[in-house]
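File shown here: work-v6.cif, holding mmCIF, C-alpha atoms.
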data_protein
#
loop_
_atom_site.group_PDB
_atom_site.id
_atom_site.type_symbol
_atom_site.label_atom_id
_atom_site.label_comp_id
_atom_site.auth_asym_id
_atom_site.auth_seq_id
_atom_site.Cartn_x
_atom_site.Cartn_y
_atom_site.Cartn_z
ATOM 1 C CA ASP J 1 -83.996 -46.949 117.934
ATOM 2 C CA ASN J 2 -80.845 -47.151 115.872
ATOM 3 C CA SER J 3 -82.051 -46.179 112.411
ATOM 4 C CA ILE J 4 -80.420 -43.118 110.883
ATOM 5 C CA THR J 5 -83.820 -41.370 110.687
ATOM 6 C CA GLU J 6 -84.506 -41.910 114.384
ATOM 7 C CA LEU J 7 -80.983 -40.932 115.434
ATOM 8 C CA LEU J 8 -81.137 -37.703 113.416
ATOM 9 C CA GLY J 9 -84.519 -36.976 115.028
ATOM 10 C CA ALA J 10 -82.962 -37.524 118.457
ATOM 11 C CA LEU J 11 -80.094 -35.162 117.540
ATOM 12 C CA CYS J 12 -82.652 -32.498 116.553
ATOM 13 C CA ASP J 13 -84.431 -32.973 119.891
ATOM 14 C CA CYS J 14 -81.132 -32.490 121.753
ATOM 15 C CA SER J 15 -80.496 -29.223 119.944
ATOM 16 C CA ILE J 16 -83.867 -27.679 120.949
ATOM 17 C CA HIS J 17 -83.636 -28.841 124.526
ATOM 18 C CA GLY J 18 -84.323 -25.920 126.855
ATOM 19 C CA VAL J 19 -86.552 -23.894 124.512
ATOM 20 C CA SER J 20 -89.759 -22.732 126.196
ATOM 21 C CA TRP J 21 -92.627 -24.156 124.112
ATOM 22 C CA LYS J 22 -95.481 -22.612 126.106
ATOM 23 C CA ARG J 23 -94.452 -19.128 124.993
ATOM 24 C CA ARG J 24 -93.514 -20.350 121.505
ATOM 25 C CA ALA J 25 -96.986 -21.815 120.980
ATOM 26 C CA LEU J 26 -98.461 -18.348 121.506
ATOM 27 C CA GLY J 27 -96.298 -17.072 118.657
ATOM 28 C CA GLY J 28 -97.547 -19.834 116.366
ATOM 29 C CA LEU J 29 -94.472 -22.079 116.411
ATOM 30 C CA SER J 30 -95.099 -25.494 117.884
ATOM 31 C CA LYS J 31 -92.449 -27.914 119.071
ATOM 32 C CA GLU J 32 -93.466 -30.280 116.277
ATOM 33 C CA GLY J 33 -93.125 -27.497 113.683
ATOM 34 C CA ALA J 34 -89.664 -26.555 114.963
ATOM 35 C CA ARG J 35 -88.641 -30.217 115.012
ATOM 36 C CA LYS J 36 -89.764 -30.619 111.389
ATOM 37 C CA ALA J 37 -87.823 -27.492 110.336
ATOM 38 C CA LEU J 38 -84.698 -28.725 112.158
ATOM 39 C CA LYS J 39 -84.933 -32.135 110.530
ATOM 40 C CA LYS J 40 -85.197 -30.464 107.118
ATOM 41 C CA ARG J 41 -82.023 -28.457 107.832
ATOM 42 C CA ALA J 42 -80.237 -31.537 109.167
ATOM 43 C CA TYR J 43 -81.013 -33.571 106.051
ATOM 44 C CA GLY J 44 -80.097 -30.569 103.878
ATOM 45 C CA ALA J 45 -76.676 -30.362 105.541
ATOM 46 C CA LEU J 46 -76.183 -34.131 105.346
ATOM 47 C CA LEU J 47 -77.137 -34.442 101.696
ATOM 48 C CA SER J 48 -75.501 -31.254 100.405
ATOM 49 C CA GLY J 49 -72.098 -32.944 100.774
ATOM 50 C CA LEU J 50 -73.146 -35.604 98.298
ATOM 51 C CA PHE J 51 -73.678 -33.144 95.464
ATOM 52 C CA ARG J 52 -70.842 -30.673 96.095
ATOM 53 C CA PRO J 53 -67.890 -31.125 93.709
ATOM 54 C CA GLY J 54 -64.904 -32.436 95.667
ATOM 55 C CA ALA J 55 -67.074 -32.848 98.758
ATOM 56 C CA SER J 56 -65.328 -36.044 99.776
ATOM 57 C CA ARG J 57 -62.189 -34.036 100.402
ATOM 58 C CA GLY J 58 -63.966 -31.455 102.514
ATOM 59 C CA PRO J 59 -63.547 -27.699 102.628
ATOM 60 C CA ALA J 60 -60.070 -27.737 104.151
ATOM 61 C CA SER J 61 -57.029 -28.538 102.077
ATOM 62 C CA GLY J 62 -53.388 -29.409 102.667
ATOM 63 C CA PRO J 63 -51.715 -32.338 104.405
ATOM 64 C CA ALA J 64 -53.419 -31.649 107.746
ATOM 65 C CA ALA J 65 -56.868 -32.084 106.208
ATOM 66 C CA THR J 66 -56.024 -35.512 104.801
ATOM 67 C CA ALA J 67 -54.066 -36.793 107.826
ATOM 68 C CA PRO J 68 -55.595 -39.656 109.859
ATOM 69 C CA PRO J 69 -57.780 -38.387 112.752
ATOM 70 C CA ARG J 70 -55.278 -39.566 115.396
ATOM 71 C CA ASN J 71 -52.523 -37.488 113.810
ATOM 72 C CA ARG J 72 -54.849 -34.505 113.693
ATOM 73 C CA VAL J 73 -55.564 -34.851 117.407
ATOM 74 C CA LEU J 74 -51.798 -34.939 117.973
ATOM 75 C CA MET J 75 -51.543 -31.701 115.971
ATOM 76 C CA VAL J 76 -54.166 -30.157 118.279
ATOM 77 C CA SER J 77 -52.150 -31.430 121.228
ATOM 78 C CA PHE J 78 -49.043 -29.735 119.798
ATOM 79 C CA ASP J 79 -51.003 -26.478 119.428
ATOM 80 C CA LEU J 80 -52.103 -26.769 123.066
ATOM 81 C CA ARG J 81 -48.469 -27.154 124.180
ATOM 82 C CA VAL J 82 -47.453 -24.118 122.126
ATOM 83 C CA ALA J 83 -50.307 -22.186 123.748
ATOM 84 C CA GLY J 84 -48.955 -23.147 127.184
ATOM 85 C CA CYS J 85 -51.669 -25.707 128.012
ATOM 86 C CA ARG J 86 -49.238 -28.538 128.768
ATOM 87 C CA GLU J 87 -51.537 -30.452 131.150
ATOM 88 C CA GLU J 88 -54.405 -30.507 128.636
ATOM 89 C CA ALA J 89 -52.024 -31.613 125.864
ATOM 90 C CA GLU J 90 -50.673 -34.474 127.986
ATOM 91 C CA ARG J 91 -54.157 -35.577 128.999
ATOM 92 C CA LEU J 92 -55.271 -35.494 125.339
ATOM 93 C CA GLU J 93 -52.357 -37.728 124.313
ATOM 94 C CA GLU J 94 -53.048 -40.080 127.234
ATOM 95 C CA LEU J 95 -56.732 -40.365 126.225
ATOM 96 C CA LEU J 96 -55.772 -40.951 122.598
ATOM 97 C CA GLY J 97 -53.611 -43.879 123.734
ATOM 98 C CA ALA J 98 -56.535 -45.334 125.695
ATOM 99 C CA LEU J 99 -58.882 -45.266 122.688
ATOM 100 C CA PRO J 100 -59.269 -48.574 120.805
ATOM 101 C CA GLU J 101 -57.734 -48.417 117.319
ATOM 102 C CA GLY J 102 -59.851 -48.584 114.167
ATOM 103 C CA GLY J 103 -63.596 -49.140 113.843
ATOM 104 C CA SER J 104 -66.084 -46.428 114.681
ATOM 105 C CA ALA J 105 -63.766 -44.877 117.307
ATOM 106 C CA ASP J 106 -61.654 -43.379 114.499
ATOM 107 C CA ALA J 107 -64.779 -42.078 112.736
ATOM 108 C CA VAL J 108 -65.957 -40.426 115.984
ATOM 109 C CA LEU J 109 -62.468 -38.993 116.487
ATOM 110 C CA GLU J 110 -62.644 -37.469 113.008
ATOM 111 C CA LEU J 111 -66.020 -35.929 113.885
ATOM 112 C CA LEU J 112 -64.535 -34.423 117.070
ATOM 113 C CA VAL J 113 -61.620 -32.966 115.108
ATOM 114 C CA HIS J 114 -64.080 -31.317 112.687
ATOM 115 C CA LEU J 115 -66.002 -29.847 115.642
ATOM 116 C CA ALA J 116 -62.901 -28.808 117.606
ATOM 117 C CA GLY J 117 -63.222 -25.259 118.929
ATOM 118 C CA SER J 118 -66.749 -24.890 117.565
ATOM 119 C CA ALA J 119 -68.356 -24.374 120.993
ATOM 120 C CA ALA J 120 -68.327 -21.114 122.884
ATOM 121 C CA PRO J 121 -65.308 -20.964 125.224
ATOM 122 C CA PRO J 122 -66.128 -21.832 128.845
ATOM 123 C CA PRO J 123 -66.779 -18.812 131.080
ATOM 124 C CA ALA J 124 -63.684 -17.552 132.870
ATOM 125 C CA SER J 125 -63.659 -18.386 136.559
ATOM 126 C CA PHE J 126 -62.183 -16.050 139.121
ATOM 127 C CA MET H 1 -71.443 -65.698 129.196
ATOM 128 C CA ALA H 2 -72.903 -62.970 131.397
ATOM 129 C CA SER H 3 -69.432 -61.900 132.530
ATOM 130 C CA GLY H 4 -68.418 -61.597 128.849
ATOM 131 C CA ALA H 5 -71.397 -59.298 128.223
ATOM 132 C CA ASN H 6 -70.496 -57.280 131.327
ATOM 133 C CA ALA H 7 -66.895 -56.929 130.177
ATOM 134 C CA ASN H 8 -68.133 -55.746 126.787
ATOM 135 C CA MET H 9 -70.487 -53.202 128.439
ATOM 136 C CA ASN H 10 -67.621 -51.913 130.561
ATOM 137 C CA ALA H 11 -65.396 -51.546 127.496
ATOM 138 C CA VAL H 12 -68.127 -49.590 125.671
ATOM 139 C CA ARG H 13 -68.630 -47.337 128.712
ATOM 140 C CA GLU H 14 -64.896 -46.725 129.050
ATOM 141 C CA THR H 15 -64.618 -45.839 125.354
ATOM 142 C CA MET H 16 -67.549 -43.410 125.717
ATOM 143 C CA ASP H 17 -65.900 -41.787 128.755
ATOM 144 C CA VAL H 18 -62.629 -41.381 126.825
ATOM 145 C CA LEU H 19 -64.441 -39.902 123.811
ATOM 146 C CA LEU H 20 -66.400 -37.504 126.039
ATOM 147 C CA GLU H 21 -63.232 -36.237 127.718
ATOM 148 C CA ILE H 22 -61.469 -35.804 124.347
ATOM 149 C CA SER H 23 -64.578 -33.969 123.151
ATOM 150 C CA ARG H 24 -64.378 -31.610 126.161
ATOM 151 C CA LEU H 25 -60.660 -30.964 125.676
ATOM 152 C CA LEU H 26 -61.286 -30.166 122.012
ATOM 153 C CA ASN H 27 -64.155 -27.848 123.003
ATOM 154 C CA THR H 28 -66.642 -29.425 120.595
ATOM 155 C CA GLY H 29 -69.725 -28.467 122.631
ATOM 156 C CA LEU H 30 -71.150 -32.014 122.530
ATOM 157 C CA ASP H 31 -72.804 -33.332 125.683
ATOM 158 C CA MET H 32 -72.960 -37.032 126.582
ATOM 159 C CA GLU H 33 -76.378 -37.513 124.962
ATOM 160 C CA SER H 34 -75.427 -35.848 121.651
ATOM 161 C CA LEU H 35 -72.095 -37.662 121.618
ATOM 162 C CA SER H 36 -73.705 -41.072 122.084
ATOM 163 C CA ILE H 37 -76.132 -40.315 119.216
ATOM 164 C CA CYS H 38 -73.157 -39.270 117.063
ATOM 165 C CA VAL H 39 -71.307 -42.494 117.940
ATOM 166 C CA ARG H 40 -74.312 -44.529 116.807
ATOM 167 C CA LEU H 41 -74.603 -42.481 113.597
ATOM 168 C CA CYS H 42 -70.900 -43.100 112.877
ATOM 169 C CA GLU H 43 -71.475 -46.814 113.509
ATOM 170 C CA GLN H 44 -74.246 -46.633 110.901
ATOM 171 C CA GLY H 45 -71.684 -45.368 108.392
ATOM 172 C CA ILE H 46 -72.542 -41.642 108.355
ATOM 173 C CA ASN H 47 -69.582 -39.601 107.092
ATOM 174 C CA PRO H 48 -68.057 -37.770 110.104
ATOM 175 C CA GLU H 49 -67.476 -34.555 108.155
ATOM 176 C CA ALA H 50 -71.084 -34.511 106.918
ATOM 177 C CA LEU H 51 -72.227 -35.157 110.492
ATOM 178 C CA SER H 52 -70.169 -32.203 111.731
ATOM 179 C CA SER H 53 -71.994 -30.023 109.148
ATOM 180 C CA VAL H 54 -75.334 -31.291 110.465
ATOM 181 C CA ILE H 55 -74.384 -30.421 114.051
ATOM 182 C CA LYS H 56 -73.196 -26.933 113.096
ATOM 183 C CA GLU H 57 -76.400 -26.358 111.117
ATOM 184 C CA LEU H 58 -78.570 -27.506 114.044
ATOM 185 C CA ARG H 59 -76.657 -25.182 116.380
ATOM 186 C CA LYS H 60 -77.303 -22.215 114.072
ATOM 187 C CA ALA H 61 -81.011 -23.085 113.924
ATOM 188 C CA SER H 62 -81.386 -23.549 117.685
ATOM 189 C CA ASP H 63 -79.373 -20.380 118.385
ATOM 190 C CA SER H 64 -81.746 -18.357 116.220
ATOM 191 C CA LEU H 65 -84.735 -20.002 117.952
ATOM 192 C CA LYS H 66 -83.337 -19.111 121.359
ATOM 193 C CA ALA H 67 -82.405 -15.590 120.240
ATOM 194 C CA SER H 68 -85.928 -14.918 118.989
ATOM 195 C CA GLU H 69 -87.252 -16.318 122.267
ATOM 196 C CA ASN H 70 -85.135 -13.823 124.202
ATOM 197 C CA SER H 71 -86.172 -10.896 122.002
ATOM 198 C CA THR H 72 -89.857 -11.599 122.726
ATOM 199 C CA THR H 73 -89.356 -11.512 126.492
#
Represent the structure of the file as structure tokens.
Amino acid sequence: DNSITELLGALCDCSIHGVSWKRRALGGLSKEGARKALKKRAYGALLSGLFRPGASRGPASGPAATAPPRNRVLMVSFDLRVAGCREEAERLEELLGALPEGGSADAVLELLVHLAGSAAPPPASF
Amino acid sequence: MASGANANMNAVRETMDVLLEISRLLNTGLDMESLSICVRLCEQGINPEALSSVIKELRKASDSLKASENSTT
């Protein structure tokens, strides 16, 4: 199950994990309908980049946006140090050193840099 | 032969563990399952920036689904 179509379908399924479909069905929205709508949005987002002028450069500009993903992770690490999160910064650099160079690892690293900070912050523990 | 395959499996698992921890430190919101799908999509040649747009779009869609679910309770 490694075709792009199947993998995108699996990504859609992950994103609707935890939705209660029994109650949804009463409101007229089936799991299959939601899955179809999500797939449409996923393909829309994937393909829109192809037709946007200058899309290959991405929305961000400046030297940071064009730097290799490893350098961008190091920039994040620097930001963490400045913010006083020294342990996290050191761990990030250590992990970066353990990652094999080149291949798909760099592509995944670039994806992670694009998604950095996009999740809700973890709840504060007391 | 089998030990070579095992070593390769271990290397893949270690790389996944490293990527997952980097992902957590960067606060990307990806779980192991989503991350492994993303790794396979990157291996298929999907542009990482375009893939990040897909993930953000799917999050918006699922958030609105979950929000409407909560408003009907």
Between atom CA of H:Ser64 and atom CA of H:Ile22 lies a distance of 28.0 Å
Proximal residues of chain J relative to chain H (only C-alpha atoms; 7 Å) as number ranges by chain = J: 4, 7, 11-12, 14-16, 19, 38, 41-42, 45-46, 49, 88, 92, 95, 99, 104, 107-108, 110-112, 114-119
Write the residues of the selection above to a file with C-alpha atoms, as a PDB file, in the coordinates of the input.
ATOM      1  CA  ILE J   4     -80.420 -43.118 110.883  1.00  0.00           C
ATOM      2  CA  LEU J   7     -80.983 -40.932 115.434  1.00  0.00           C
ATOM      3  CA  LEU J  11     -80.094 -35.162 117.540  1.00  0.00           C
ATOM      4  CA  CYS J  12     -82.652 -32.498 116.553  1.00  0.00           C
ATOM      5  CA  CYS J  14     -81.132 -32.490 121.753  1.00  0.00           C
ATOM      6  CA  SER J  15     -80.496 -29.223 119.944  1.00  0.00           C
ATOM      7  CA  ILE J  16     -83.867 -27.679 120.949  1.00  0.00           C
ATOM      8  CA  VAL J  19     -86.552 -23.894 124.512  1.00  0.00           C
ATOM      9  CA  LEU J  38     -84.698 -28.725 112.158  1.00  0.00           C
ATOM     10  CA  ARG J  41     -82.023 -28.457 107.832  1.00  0.00           C
ATOM     11  CA  ALA J  42     -80.237 -31.537 109.167  1.00  0.00           C
ATOM     12  CA  ALA J  45     -76.676 -30.362 105.541  1.00  0.00           C
ATOM     13  CA  LEU J  46     -76.183 -34.131 105.346  1.00  0.00           C
ATOM     14  CA  GLY J  49     -72.098 -32.944 100.774  1.00  0.00           C
ATOM     15  CA  GLU J  88     -54.405 -30.507 128.636  1.00  0.00           C
ATOM     16  CA  LEU J  92     -55.271 -35.494 125.339  1.00  0.00           C
ATOM     17  CA  LEU J  95     -56.732 -40.365 126.225  1.00  0.00           C
ATOM     18  CA  LEU J  99     -58.882 -45.266 122.688  1.00  0.00           C
ATOM     19  CA  SER J 104     -66.084 -46.428 114.681  1.00  0.00           C
ATOM     20  CA  ALA J 107     -64.779 -42.078 112.736  1.00  0.00           C
ATOM     21  CA  VAL J 108     -65.957 -40.426 115.984  1.00  0.00           C
ATOM     22  CA  GLU J 110     -62.644 -37.469 113.008  1.00  0.00           C
ATOM     23  CA  LEU J 111     -66.020 -35.929 113.885  1.00  0.00           C
ATOM     24  CA  LEU J 112     -64.535 -34.423 117.070  1.00  0.00           C
ATOM     25  CA  HIS J 114     -64.080 -31.317 112.687  1.00  0.00           C
ATOM     26  CA  LEU J 115     -66.002 -29.847 115.642  1.00  0.00           C
ATOM     27  CA  ALA J 116     -62.901 -28.808 117.606  1.00  0.00           C
ATOM     28  CA  GLY J 117     -63.222 -25.259 118.929  1.00  0.00           C
ATOM     29  CA  SER J 118     -66.749 -24.890 117.565  1.00  0.00           C
ATOM     30  CA  ALA J 119     -68.356 -24.374 120.993  1.00  0.00           C
TER      31      ALA J 119
END
Give as a short mmCIF file (atom, residue, chain, number, x, y, z; two decimals) with C-alpha atoms, in the coordinates of the input the residues that the PyMOL selection byres ((chain J and resi 75) around 12) matches when applied to the coordinates above.
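After the write, part_35.cif holds the following:
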data_model
loop_
_atom_site.label_atom_id
_atom_site.label_comp_id
_atom_site.auth_asym_id
_atom_site.auth_seq_id
_atom_site.Cartn_x
_atom_site.Cartn_y
_atom_site.Cartn_z
CA PRO J 63 -51.72 -32.34 104.40
CA ALA J 64 -53.42 -31.65 107.75
CA ALA J 65 -56.87 -32.08 106.21
CA ALA J 67 -54.07 -36.79 107.83
CA PRO J 68 -55.60 -39.66 109.86
CA PRO J 69 -57.78 -38.39 112.75
CA ARG J 70 -55.28 -39.57 115.40
CA ASN J 71 -52.52 -37.49 113.81
CA ARG J 72 -54.85 -34.51 113.69
CA VAL J 73 -55.56 -34.85 117.41
CA LEU J 74 -51.80 -34.94 117.97
CA VAL J 76 -54.17 -30.16 118.28
CA SER J 77 -52.15 -31.43 121.23
CA PHE J 78 -49.04 -29.74 119.80
CA ASP J 79 -51.00 -26.48 119.43
CA LEU J 80 -52.10 -26.77 123.07
CA ARG J 81 -48.47 -27.15 124.18
CA VAL J 82 -47.45 -24.12 122.13
CA ALA J 89 -52.02 -31.61 125.86
CA LEU J 92 -55.27 -35.49 125.34
CA GLU J 93 -52.36 -37.73 124.31
CA VAL J 113 -61.62 -32.97 115.11
CA ALA J 116 -62.90 -28.81 117.61
CA LEU H 26 -61.29 -30.17 122.01
#
With 5 Å of padding per side, what axis-aligned box (centre and edge lengths, Å, one decimal) covers all the listed atoms of stretch 30-39 of chain J? Give it as JSON.
{"center_x": -89.9, "center_y": -28.8, "center_z": 114.7, "size_x": 20.4, "size_y": 16.6, "size_z": 18.7}
Computed gap from atom CA of H:Met32 to atom CA of H:Arg13 is 11.4 Å
Straight-line distance linking atom CA of J:Cys85 with atom CA of J:Leu109, stated in Å to one decimal = 20.6 Å
Rank nothing, just name the residue among J:Thr66, J:Gly18, J:Gly84, J:Thr5 nearest to J:Lys39, using all atoms listed in the file.
-> J:Thr5
